[in-house]
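Q: Shown below is the structure under consideration.
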Protein chains: 2
Amino acid sequence: MGTNKQRDGGRARIEDVAAAANVSVATVSRALRGLPNVAESTRLRVAAIAESMDYRPDPAASRLAAGRSRTVTIVVPHLSTWYFSTVIAGAEAVCAEAGYECLVVGVGNIDECNRLLDEPFHLERRTDGLVLVNIPATEARAESLGRRGVMLSTVGTRTPGHPAVLIDDVRAGRMAANHLIGLGHRHIGLISGQRDDPMNFAVPRMRREGFRSALDAAGLAFDETLVQSGNFGIDGGQEAMGSLLDRSDPPTAAFAMSDEMAFGALLALSERGLRAGADVSLIGVDDHDVSRVVGLTTIRQRVAGQGAAAMRALLMRLASADAPAIVVDSPLELVVRSTTPRPLDTR
Amino acid sequence: MGTNKQRDGGRARIEDVAAAANVSVATVSRALRGLPNVAESTRLRVAAIAESMDYRPDPAASRLAAGRSRTVTIVVPHLSTWYFSTVIAGAEAVCAEAGYECLVVGVGNIDECNRLLDEPFHLERRTDGLVLVNIPATEARAESLGRRGVMLSTVGTRTPGHPAVLIDDVRAGRMAANHLIGLGHRHIGLISGQRDDPMNFAVPRMRREGFRSALDAAGLAFDETLVQSGNFGIDGGQEAMGSLLDRSDPPTAAFAMSDEMAFGALLALSERGLRAGADVSLIGVDDHDVSRVVGLTTIRQRVAGQGAAAMRALLMRLASADAPAIVVDSPLELVVRSTTPRPLDTR
DNA sequence: ATGAAAGCGCTAACAT
DNA sequence: ATGTTAGCGCTTTCAT
């Protein structure tokens with residue numbers, strides 16, 4: 001009765017399926033992966049038998065033999081931030097759907113981040129592709145990854161030749177400023193991300209540029225001293241808004257570069273007995289889940305959608321290396337809430 | 001000159017290191033992994049050479065040969081929720097520290113979840129262990145995983161024989177209720193998670209039990225009609241609080257089982273022109289990042305610490321299968337803010 | 001369309 | 001303390 005090496009306790013191996021189907025392991029491998037040169041009848045029979053034996057290829061074996069891992073890695077600066085966890089959620093869903101595994105790694109600072117990208121040996125053969133979220137990858141680093149067979153896709157940054165999902169940050173700044181200007185504000189504070197944050201310095205710069213261009217267009221002066229920087233979280237916003245409010249001529253409105261910073265700004269206001277909307281108008285960017293709770297006006301972005309789009313672009317390139325490096329411009333939308341009321345003294 | 005099989009473009013293999021160090025591959029393997037029976041001098045030399053060649057073991061090869069993957073998987077119901085993403089952040093940090101990879105999978109509903117656990121074939125050989133966050137695993141499922149060599153560790157649920165990180169949910173409910181009672185409230189609403197949510201039905205039940213026991217101890221009646229259930233997010237809290245407020249005799253205070261539910265409750269209040277603290281007192285559970293922004297009194301739990309602890313327990317058991325199945329009781333702390341002011345009419 | 005067989009790079013059992 | 005060698009389970013030429 002031929003060799004019978006099937007293990008009892010263990011799982012079925014390709015060899016067991018091959019024996020049960022009376023074909024070679026090569027045929028099983030081809031049949032199950034939908035490769036050409038397998039008779040349709042054979043493919044069906046093998047698939048049925050594999051199914052009945054509950055066979056799953058061992059990923060480690062398949063990786064070793066094929067040199068690809070069917071795994072992608074999402075790299076984010078912070079895992080627990082609303083923005084990043086929402087991007088991850090969007091990306092992971094797409095990833096799972098496609099049968100890929102999804103590794104996630106948080107890089108606390110720029111050094112960790114560069115170490116990761118500079119020594120692709122850590123990644124090589126371990127992951128087929130990287131989704132970088134707000135992680136700047138120089139062209140050189142990207143190219144070195146590419147040479148080692150690691151595909152790239154980014155959210156919030158752009159590396160020429162690789163797919164990217166972006167928002168128009170300049171426009172975001174302009175939309176926010178225009179909303180405030182339209183409400184009659186002439187003295188507007190800017191709660192900015194740190195310009196020297198190496199992690200994603202471009203975002204603060206661009207949103208600020210948009211902000212400034214809106215002021216220009218409205219014939220308003222851009223006052224450097226009304227710009228306060230901090231980290232992108234609640235603390236950063238709280239401190240920045242604190243500085244603005246403690247001026248002798250505090251602004252009548254402020255644009256915070258993220259909703260979390262705006263939350264911090266709210267805190268700074270209430271510490272001083274001031275109320276958002278009534279005393280100072282406030283607008284953020286993101287549309288954080290909690291923004292509607294505090295009535296924060298914001299520039300909404302589709303965060304989960306961005307993660308999903310970046311992952312989709314990556315998987316497409318994994319499927320065929322010469323798939324185009326799509327660049328997605330993710331939509332923005334002004335959501336008006338109570339922190340930017342219509343001016344009472346108008347009309 | 002011996003055989004020279006070293007590839008030029010590719011990465012170094014163990015064989016290349018062995019050749020360069022004039023030892024066998026076995027010795028390299030032992031030396032690099034810190035196994036016994038390697039002369040210290042040899043270990044040092046091999047390590048230096050491996051370092052200089054920038055050698056990293058191919059994880060797939062090592063997995064295939066060793067049968068272990070040095071990968072753990074974190075399973076959560078939702079990836080983007082504050083609670084879950086914070087647990088993940090805590091766990092991932094520990095994981096990275098230990099040189100393990102960290103897979104993350106979100107299971108939308110109980111079916112997906114059971115499918116995952118019931119067909120460990122997906123997991124087997126793919127992951128060494130599972131950190132289940134608020135995912136109930138029956139003893140049978142846990143045992144079947146164990147037989148297949150997948151270790152288990154849980155957060156928020158407990159499976160006998162496996163490490164777990166828990167809070168005392170009964171106590172959380174009691175602490176919250178006692179705080180409100182101490183403030184003079186006698187008519188208290190309960191904004192509860194769904195009792196029939198199969199995902200983690202035990203939590204609502206236990207917090208409710210603690211809530212009830214505090215009422216009992218204070219000689220107050222427990223009014224079923226003051227319990228409103230909803231999902232654990234903002235929506236759920238908003239609807240539940242809405243129902244409570246629309247009663248003819250609305251409660252003077254409410255206990256929401258999560259801060260996000262409490263955020264929803266705040267929304268319900270402001271929709272009706274009421275103010276938290278002034279009109280209705282409110283307490284939550286978690287100490288969400290944003291809670292201090294809205295001045296929410298809450299029962300703080302150390303969420304990232306829970307993820308870290310669960311991961312640590314898992315890694316310990318991975319290191320030696322007979323490490324104890326630690327059960328951690330994670331601390332709780334009342335944080336009083338403005339939604340539960342001292343009663344003005346007292347003293 | 002199918003099969004045979006040579007690896008993939010490492011670990012672990014056994015030998016020395 | 002070190003070396004030899006047989007796999008781990010799959011993919012992929014190369015035959016047929």
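Residues are referred to by chain and number: the chain letter is A, B, ... according to the order shown in the structure tokens, the number counts from 1 in that chain, and ligands are numbered separately from 1 in the order shown.
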Distance table requested - chain B against chain D, cut-off 6 Å, only C-alpha atoms (C1' of nucleotides): one row per qualifying residue with the closest atom pair and its distance in Å to one decimal, ordered by chain and rising residue number, as a tab-separated table.
A:
```
residue	atom	partner	partner_atom	distance
B:Asn37	CA	D:DA1	C1'	5.8
B:Val38	CA	D:DA1	C1'	5.8
B:Leu64	CA	D:DC8	C1'	4.9
B:Ala65	CA	D:DC8	C1'	4.6
```
Q: With C-alpha atoms retained, could you export that selection as a PDB file, in the first residue's frame?
A:
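Written output follows (out-v8.pdb):
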```pdb
ATOM      1  CA  ASN B  37      28.424  24.104  25.161  1.00  0.00           C
ATOM      2  CA  VAL B  38      30.141  26.853  23.285  1.00  0.00           C
ATOM      3  CA  LEU B  64      10.532  25.815   9.741  1.00  0.00           C
ATOM      4  CA  ALA B  65      13.400  24.058  11.444  1.00  0.00           C
TER       5      ALA B  65
END
```
Q: Counting only C-alpha atoms, collect the residues of chain B whose closest atom lies at most 6 Å from chain A, and write them out as a list in words.
A: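 Here is what falls inside 6 Å: Ala60, Ala61, Arg63, Leu64, Leu79, Ser80, Ser85, Thr86, Ala89, Cys102, Leu103, Leu267 and Val293 of chain B.
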Q: For chain C, report every residue with an atom at most 8 Å from chain B (counting only C-alpha atoms (C1' of nucleotides)), formatted as a PyMOL selection string.
A: chain C and resi 8-11
Q: Please produce a file of the residues just selected, as an mmCIF file, in the first residue's frame, where the atoms kept are N, CA and C atoms (P, O5', C5', C4', C3', O3' and C1' of nucleotides).
A:
```cif
data_model
loop_
_atom_site.group_PDB
_atom_site.id
_atom_site.type_symbol
_atom_site.label_atom_id
_atom_site.label_comp_id
_atom_site.auth_asym_id
_atom_site.auth_seq_id
_atom_site.Cartn_x
_atom_site.Cartn_y
_atom_site.Cartn_z
ATOM 1 P P DC C 8 19.853 26.654 -2.084
ATOM 2 O "O5'" DC C 8 18.706 27.372 -1.270
ATOM 3 C "C5'" DC C 8 17.712 28.162 -1.890
ATOM 4 C "C4'" DC C 8 16.676 28.502 -0.846
ATOM 5 C "C3'" DC C 8 17.275 28.739 0.534
ATOM 6 O "O3'" DC C 8 17.460 30.146 0.707
ATOM 7 C "C1'" DC C 8 15.279 27.347 0.623
ATOM 8 P P DG C 9 18.975 30.685 1.007
ATOM 9 O "O5'" DG C 9 19.057 30.517 2.578
ATOM 10 C "C5'" DG C 9 18.123 31.189 3.387
ATOM 11 C "C4'" DG C 9 18.121 30.556 4.752
ATOM 12 C "C3'" DG C 9 19.484 30.527 5.437
ATOM 13 O "O3'" DG C 9 19.302 31.113 6.706
ATOM 14 C "C1'" DG C 9 18.446 28.417 5.546
ATOM 15 P P DC C 10 20.427 31.204 7.795
ATOM 16 O "O5'" DC C 10 19.890 30.155 8.848
ATOM 17 C "C5'" DC C 10 18.669 30.410 9.495
ATOM 18 C "C4'" DC C 10 18.066 29.135 10.016
ATOM 19 C "C3'" DC C 10 18.735 28.560 11.254
ATOM 20 O "O3'" DC C 10 17.994 28.975 12.395
ATOM 21 C "C1'" DC C 10 18.104 26.867 9.652
ATOM 22 P P DT C 11 18.636 28.621 13.830
ATOM 23 O "O5'" DT C 11 18.099 27.138 14.068
ATOM 24 C "C5'" DT C 11 16.698 26.922 14.146
ATOM 25 C "C4'" DT C 11 16.427 25.470 14.479
ATOM 26 C "C3'" DT C 11 17.015 24.994 15.801
ATOM 27 O "O3'" DT C 11 16.018 24.163 16.377
ATOM 28 C "C1'" DT C 11 17.796 23.616 14.064
#
```
Q: If you count only C-alpha atoms (C1' of nucleotides), which residues fall within 6 Å of Ala240 (chain A), apart from same-chain ones fewer than 3 positions away, as a list in words?
A: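 Residues near the query, excluding close chain neighbours: Ile191, Gln228, Ser229, Gly237 and Ser243 of chain A.
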Q: Could the residues in this selection be saved with C-alpha atoms as a compact mmCIF listing (two decimals), in the first residue's frame?
A:
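The resulting file, out39.txt, is reproduced below:
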```
# COMPACT_ATOMS: atom_id res chain seq x y z
CA ILE A 191 -1.45 75.94 17.06
CA GLN A 228 2.79 78.45 18.77
CA SER A 229 4.18 74.98 18.33
CA GLY A 237 -2.19 71.95 22.10
CA SER A 243 0.82 80.85 25.32
```
Q: Could I get chain A fitted onto chain B (least squares, all C-alpha atoms, in order) as a short mmCIF file (atom, residue, chain, number, x, y, z; two decimals) with C-alpha atoms, in the first residue's frame?
A:
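Contents of the output file superposed.cif:
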```cif
data_model
loop_
_atom_site.label_atom_id
_atom_site.label_comp_id
_atom_site.auth_asym_id
_atom_site.auth_seq_id
_atom_site.Cartn_x
_atom_site.Cartn_y
_atom_site.Cartn_z
CA MET A 1 40.48 27.48 -1.10
CA GLY A 2 37.49 25.33 -0.25
CA THR A 3 34.03 26.00 -1.54
CA ASN A 4 33.05 29.61 -1.84
CA LYS A 5 29.33 29.80 -2.16
CA GLN A 6 28.84 33.19 -0.54
CA ARG A 7 26.45 35.32 -2.51
CA ASP A 8 27.46 38.83 -3.29
CA GLY A 9 24.22 40.69 -3.58
CA GLY A 10 22.33 38.72 -1.00
CA ARG A 11 22.54 38.60 2.71
CA ALA A 12 24.88 36.45 4.67
CA ARG A 13 23.69 32.98 5.55
CA ILE A 14 24.69 30.89 8.47
CA GLU A 15 26.88 28.95 6.13
CA ASP A 16 28.84 32.06 5.22
CA VAL A 17 29.41 32.88 8.84
CA ALA A 18 30.49 29.32 9.51
CA ALA A 19 32.99 29.46 6.67
CA ALA A 20 34.37 32.79 7.82
CA ALA A 21 34.74 31.53 11.37
CA ASN A 22 36.10 28.16 10.39
CA VAL A 23 33.46 26.29 12.31
CA SER A 24 30.41 24.31 11.35
CA VAL A 25 26.98 25.80 10.87
CA ALA A 26 25.84 23.91 13.92
CA THR A 27 28.36 25.71 16.05
CA VAL A 28 27.33 29.06 14.65
CA SER A 29 23.73 28.27 15.41
CA ARG A 30 24.55 27.27 18.96
CA ALA A 31 26.90 30.15 19.57
CA LEU A 32 24.50 32.78 18.36
CA ARG A 33 21.59 31.44 20.34
CA GLY A 34 23.53 31.12 23.56
CA LEU A 35 23.17 27.36 23.80
CA PRO A 36 25.52 25.39 26.01
CA ASN A 37 28.46 23.37 24.76
CA VAL A 38 30.20 26.16 22.95
CA ALA A 39 33.60 27.35 24.09
CA GLU A 40 33.38 30.92 25.26
CA SER A 41 36.20 31.88 22.95
CA THR A 42 34.37 30.33 20.02
CA ARG A 43 31.15 32.05 20.94
CA LEU A 44 32.85 35.41 21.02
CA ARG A 45 34.61 34.93 17.73
CA VAL A 46 31.48 33.72 15.97
CA ALA A 47 29.44 36.56 17.38
CA ALA A 48 32.00 39.10 16.21
CA ILE A 49 32.14 37.65 12.73
CA ALA A 50 28.39 37.40 12.44
CA GLU A 51 28.12 40.99 13.55
CA SER A 52 30.68 42.12 11.05
CA MET A 53 28.86 40.33 8.26
CA ASP A 54 25.58 41.77 9.47
CA TYR A 55 24.17 38.31 9.64
CA ARG A 56 20.56 37.76 10.75
CA PRO A 57 18.96 34.36 10.75
CA ASP A 58 16.20 34.07 8.21
CA PRO A 59 13.08 33.89 10.34
CA ALA A 60 11.24 31.66 7.90
CA ALA A 61 14.04 29.13 7.82
CA SER A 62 14.40 29.18 11.52
CA ARG A 63 10.68 28.77 11.99
CA LEU A 64 10.52 25.90 9.62
CA ALA A 65 13.37 24.10 11.27
CA ALA A 66 12.51 24.85 14.86
CA GLY A 67 8.75 24.79 14.62
CA ARG A 68 8.45 28.05 16.54
CA SER A 69 7.81 31.42 15.03
CA ARG A 70 8.97 34.00 17.55
CA THR A 71 5.76 35.76 16.70
CA VAL A 72 2.82 36.51 18.91
CA THR A 73 -0.61 37.62 17.86
CA ILE A 74 -2.76 40.18 19.60
CA VAL A 75 -6.46 39.69 19.02
CA VAL A 76 -8.84 42.56 19.71
CA PRO A 77 -12.48 43.23 18.87
CA HIS A 78 -11.79 46.67 17.42
CA LEU A 79 -8.46 48.11 16.41
CA SER A 80 -9.21 51.78 16.59
CA THR A 81 -10.96 52.08 19.92
CA TRP A 82 -8.99 53.96 22.55
CA TYR A 83 -9.02 51.10 24.98
CA PHE A 84 -7.85 48.47 22.53
CA SER A 85 -5.26 50.56 20.77
CA THR A 86 -3.82 51.48 24.13
CA VAL A 87 -3.63 47.84 25.19
CA ILE A 88 -1.94 47.05 21.90
CA ALA A 89 0.58 49.82 22.40
CA GLY A 90 1.52 48.46 25.79
CA ALA A 91 1.80 44.92 24.53
CA GLU A 92 3.70 45.76 21.38
CA ALA A 93 6.37 47.65 23.26
CA VAL A 94 7.12 44.62 25.43
CA CYS A 95 7.03 42.37 22.42
CA ALA A 96 9.48 44.43 20.40
CA GLU A 97 11.75 44.68 23.40
CA ALA A 98 11.90 40.90 23.60
CA GLY A 99 12.67 40.51 19.92
CA TYR A 100 9.35 38.95 19.06
CA GLU A 101 7.23 40.04 16.17
CA CYS A 102 3.78 41.21 16.84
CA LEU A 103 0.89 40.32 14.60
CA VAL A 104 -2.36 42.08 15.21
CA VAL A 105 -5.78 40.98 14.16
CA GLY A 106 -9.15 42.57 14.66
CA VAL A 107 -12.17 40.32 14.94
CA GLY A 108 -15.31 42.25 14.26
CA ASN A 109 -17.76 39.87 15.85
CA ILE A 110 -18.05 36.75 17.89
CA ASP A 111 -18.25 34.51 14.85
CA GLU A 112 -15.00 35.71 13.38
CA CYS A 113 -13.54 35.34 16.80
CA ASN A 114 -14.65 31.77 17.33
CA ARG A 115 -13.61 30.86 13.84
CA LEU A 116 -10.15 32.08 14.69
CA LEU A 117 -9.96 30.07 17.88
CA ASP A 118 -11.73 27.01 16.60
CA GLU A 119 -9.52 26.51 13.63
CA PRO A 120 -6.16 26.88 15.19
CA PHE A 121 -4.74 25.63 11.94
CA HIS A 122 -4.69 29.23 10.90
CA LEU A 123 -2.54 30.01 13.86
CA GLU A 124 -0.51 26.93 14.38
CA ARG A 125 3.10 27.33 13.32
CA ARG A 126 2.26 30.88 12.48
CA THR A 127 2.28 32.26 15.96
CA ASP A 128 3.73 31.03 19.22
CA GLY A 129 1.14 32.69 21.35
CA LEU A 130 -2.01 34.71 21.53
CA VAL A 131 -2.88 37.73 23.61
CA LEU A 132 -6.65 37.87 23.67
CA VAL A 133 -8.07 41.23 24.66
CA ASN A 134 -11.65 41.06 25.85
CA ILE A 135 -12.09 37.90 23.87
CA PRO A 136 -13.66 35.09 25.79
CA ALA A 137 -11.89 31.77 25.24
CA THR A 138 -13.60 28.72 26.61
CA GLU A 139 -11.48 26.21 28.39
CA ALA A 140 -12.04 23.76 25.57
CA ARG A 141 -10.79 26.19 22.97
CA ALA A 142 -7.84 27.14 25.11
CA GLU A 143 -6.95 23.53 25.58
CA SER A 144 -7.14 22.81 21.90
CA LEU A 145 -4.82 25.74 21.25
CA GLY A 146 -2.46 24.45 23.89
CA ARG A 147 -2.35 21.02 22.28
CA ARG A 148 -1.28 22.67 19.07
CA GLY A 149 1.48 24.55 20.80
CA VAL A 150 -0.10 27.97 20.89
CA MET A 151 0.23 29.70 24.25
CA LEU A 152 -2.45 31.94 25.63
CA SER A 153 -2.65 35.10 27.69
CA THR A 154 -5.71 37.23 28.18
CA VAL A 155 -6.71 40.75 29.13
CA GLY A 156 -10.15 41.38 30.53
CA THR A 157 -11.21 37.76 30.54
CA ARG A 158 -9.98 34.73 32.37
CA THR A 159 -9.44 31.19 31.22
CA PRO A 160 -8.41 28.82 33.99
CA GLY A 161 -4.84 27.67 33.68
CA HIS A 162 -3.75 30.60 31.56
CA PRO A 163 -2.25 33.93 32.54
CA ALA A 164 -4.68 36.81 32.68
CA VAL A 165 -4.70 40.50 33.42
CA LEU A 166 -7.92 41.73 34.93
CA ILE A 167 -9.40 44.57 36.80
CA ASP A 168 -11.83 43.99 39.60
CA ASP A 169 -14.90 44.95 37.64
CA VAL A 170 -17.20 44.48 40.58
CA ARG A 171 -15.10 46.88 42.56
CA ALA A 172 -15.06 49.35 39.67
CA GLY A 173 -18.84 49.41 39.73
CA ARG A 174 -18.88 49.75 43.48
CA MET A 175 -16.33 52.57 43.50
CA ALA A 176 -18.31 54.50 40.94
CA ALA A 177 -21.60 54.05 42.72
CA ASN A 178 -20.11 54.86 46.10
CA HIS A 179 -18.69 58.09 44.78
CA LEU A 180 -22.08 59.17 43.51
CA ILE A 181 -23.85 58.01 46.65
CA GLY A 182 -21.33 59.86 48.75
CA LEU A 183 -22.21 62.99 46.87
CA GLY A 184 -25.79 62.57 47.99
CA HIS A 185 -27.33 61.02 44.91
CA ARG A 186 -30.21 58.65 45.52
CA HIS A 187 -31.58 58.24 42.03
CA ILE A 188 -28.76 56.96 39.84
CA GLY A 189 -28.87 55.78 36.24
CA LEU A 190 -26.73 52.96 34.94
CA ILE A 191 -25.41 53.21 31.39
CA SER A 192 -24.46 49.63 30.78
CA GLY A 193 -22.78 47.59 28.10
CA GLN A 194 -25.07 45.14 26.44
CA ARG A 195 -25.71 42.20 28.68
CA ASP A 196 -26.15 39.95 25.69
CA ASP A 197 -23.03 41.09 23.87
CA PRO A 198 -21.29 37.78 23.42
CA MET A 199 -17.96 39.52 23.07
CA ASN A 200 -17.47 40.24 26.69
CA PHE A 201 -20.69 39.83 28.53
CA ALA A 202 -19.00 39.41 31.88
CA VAL A 203 -17.83 43.00 32.20
CA PRO A 204 -21.24 44.67 32.16
CA ARG A 205 -22.58 42.05 34.51
CA MET A 206 -19.82 42.51 37.04
CA ARG A 207 -19.74 46.27 36.99
CA ARG A 208 -23.46 46.23 37.41
CA GLU A 209 -23.16 43.85 40.30
CA GLY A 210 -20.73 46.17 42.02
CA PHE A 211 -22.99 49.10 41.34
CA ARG A 212 -25.90 47.24 42.84
CA SER A 213 -24.00 46.09 45.88
CA ALA A 214 -23.05 49.69 46.64
CA LEU A 215 -26.69 50.72 46.45
CA ASP A 216 -27.62 47.85 48.73
CA ALA A 217 -24.98 48.77 51.24
CA ALA A 218 -26.29 52.32 51.26
CA GLY A 219 -29.81 51.08 51.75
CA LEU A 220 -30.91 52.29 48.35
CA ALA A 221 -33.21 50.34 46.08
CA PHE A 222 -31.89 49.10 42.78
CA ASP A 223 -34.28 50.24 40.08
CA GLU A 224 -34.13 48.05 36.97
CA THR A 225 -35.71 50.75 34.90
CA LEU A 226 -32.75 53.02 35.56
CA VAL A 227 -30.51 50.60 33.68
CA GLN A 228 -30.08 51.34 30.00
CA SER A 229 -27.82 49.31 27.76
CA GLY A 230 -25.96 50.14 24.58
CA ASN A 231 -22.71 49.40 22.82
CA PHE A 232 -19.51 50.39 24.58
CA GLY A 233 -18.93 53.44 22.40
CA ILE A 234 -20.17 56.98 22.15
CA ASP A 235 -23.36 56.01 20.34
CA GLY A 236 -24.32 53.47 22.94
CA GLY A 237 -23.85 55.96 25.75
CA GLN A 238 -25.73 58.66 23.91
CA GLU A 239 -28.78 56.49 23.37
CA ALA A 240 -28.76 55.06 26.85
CA MET A 241 -28.47 58.46 28.49
CA GLY A 242 -31.15 59.75 26.15
CA SER A 243 -33.56 57.16 27.46
CA LEU A 244 -32.71 58.00 31.03
CA LEU A 245 -33.17 61.72 30.53
CA ASP A 246 -36.46 61.32 28.75
CA ARG A 247 -38.05 59.68 31.75
CA SER A 248 -40.51 61.57 33.80
CA ASP A 249 -38.15 61.19 36.76
CA PRO A 250 -34.67 61.35 35.26
CA PRO A 251 -31.78 60.34 37.50
CA THR A 252 -29.68 63.00 39.18
CA ALA A 253 -26.53 61.07 38.34
CA ALA A 254 -25.36 58.27 36.08
CA PHE A 255 -22.60 55.72 35.98
CA ALA A 256 -21.38 54.91 32.47
CA MET A 257 -19.44 51.69 32.11
CA SER A 258 -16.83 53.28 29.90
CA ASP A 259 -15.59 56.78 29.33
CA GLU A 260 -16.64 56.60 25.72
CA MET A 261 -20.16 55.79 26.81
CA ALA A 262 -19.91 58.73 29.19
CA PHE A 263 -18.92 60.93 26.26
CA GLY A 264 -22.08 59.84 24.54
CA ALA A 265 -23.98 60.66 27.70
CA LEU A 266 -22.51 64.15 27.61
CA LEU A 267 -23.82 64.48 24.11
CA ALA A 268 -27.29 63.40 25.19
CA LEU A 269 -27.18 65.98 27.95
CA SER A 270 -26.16 68.86 25.75
CA GLU A 271 -28.75 67.87 23.15
CA ARG A 272 -31.29 68.56 25.85
CA GLY A 273 -29.68 71.74 27.03
CA LEU A 274 -28.47 70.12 30.22
CA ARG A 275 -25.03 70.35 31.71
CA ALA A 276 -23.02 67.54 33.22
CA GLY A 277 -22.19 68.24 36.81
CA ALA A 278 -24.74 71.01 37.16
CA ASP A 279 -27.84 69.10 36.10
CA VAL A 280 -26.74 65.50 36.15
CA SER A 281 -23.58 64.06 37.61
CA LEU A 282 -21.64 61.55 35.58
CA ILE A 283 -18.87 59.06 36.14
CA GLY A 284 -17.18 56.70 33.70
CA VAL A 285 -14.52 54.01 33.67
CA ASP A 286 -11.12 54.11 31.93
CA ASP A 287 -9.63 57.57 32.12
CA HIS A 288 -9.56 57.99 28.38
CA ASP A 289 -7.06 60.58 27.14
CA VAL A 290 -9.87 62.96 26.43
CA SER A 291 -11.63 62.56 29.76
CA ARG A 292 -9.70 65.36 31.37
CA VAL A 293 -10.68 67.59 28.49
CA VAL A 294 -14.36 67.19 29.21
CA GLY A 295 -13.81 67.10 32.95
CA LEU A 296 -15.16 63.60 33.27
CA THR A 297 -14.90 61.93 36.64
CA THR A 298 -13.84 58.35 36.12
CA ILE A 299 -12.46 55.15 37.53
CA ARG A 300 -9.01 55.10 36.03
CA GLN A 301 -7.46 51.86 34.90
CA ARG A 302 -3.92 51.33 33.67
CA VAL A 303 -4.69 50.18 30.19
CA ALA A 304 -1.26 50.18 28.55
CA GLY A 305 0.08 48.46 31.64
CA GLN A 306 -2.46 45.71 31.19
CA GLY A 307 -1.30 45.03 27.65
CA ALA A 308 2.30 45.03 28.77
CA ALA A 309 1.61 42.69 31.67
CA ALA A 310 -0.30 40.24 29.51
CA MET A 311 2.48 40.20 26.96
CA ARG A 312 5.10 39.70 29.65
CA ALA A 313 3.18 36.78 31.07
CA LEU A 314 2.90 35.25 27.64
CA LEU A 315 6.59 35.61 26.86
CA MET A 316 7.48 34.03 30.18
CA ARG A 317 5.41 30.99 29.37
CA LEU A 318 6.93 30.86 25.93
CA ALA A 319 10.34 30.84 27.53
CA SER A 320 9.40 27.98 29.80
CA ALA A 321 6.11 26.24 29.40
CA ASP A 322 5.82 25.59 33.09
CA ALA A 323 6.11 29.20 34.11
CA PRO A 324 3.16 29.96 36.34
CA ALA A 325 -0.07 31.22 34.82
CA ILE A 326 0.01 34.55 36.61
CA VAL A 327 -3.23 36.39 37.20
CA VAL A 328 -2.71 40.12 37.56
CA ASP A 329 -5.24 42.31 39.27
CA SER A 330 -4.65 45.68 37.67
CA PRO A 331 -5.23 48.70 39.91
CA LEU A 332 -8.16 51.10 39.83
CA GLU A 333 -8.27 54.67 40.99
CA LEU A 334 -11.03 57.21 41.36
CA VAL A 335 -10.27 60.42 39.49
CA VAL A 336 -12.66 63.19 40.45
CA ARG A 337 -13.33 65.92 37.93
CA SER A 338 -16.06 68.38 37.19
CA THR A 339 -18.87 66.04 36.16
CA THR A 340 -19.30 65.06 39.80
CA PRO A 341 -19.15 68.30 41.80
CA ARG A 342 -19.66 68.50 45.52
CA PRO A 343 -23.35 69.08 46.13
CA LEU A 344 -24.03 72.78 46.59
CA ASP A 345 -26.86 72.29 49.05
CA THR A 346 -24.72 70.26 51.41
CA ARG A 347 -22.83 71.22 54.58
#
```
Q: Please identify which residues in region 99-342 of chain A DSSP calls strand (DSSP E or B) from the backbone, and express them as a VMD selection string.
A: chain A and resid 101 to 106 129 to 133 151 to 155 164 to 167 188 to 193 227 to 230 253 to 256 276 280 to 286 297 to 301 327 to 330 332 to 335
Q: Select from region 170-253 of chain A everything DSSP, run on the backbone, classes as alpha helix (DSSP H), then give the selection as a ChimeraX atom specification.
A: /A:170-182,202-217,234-245
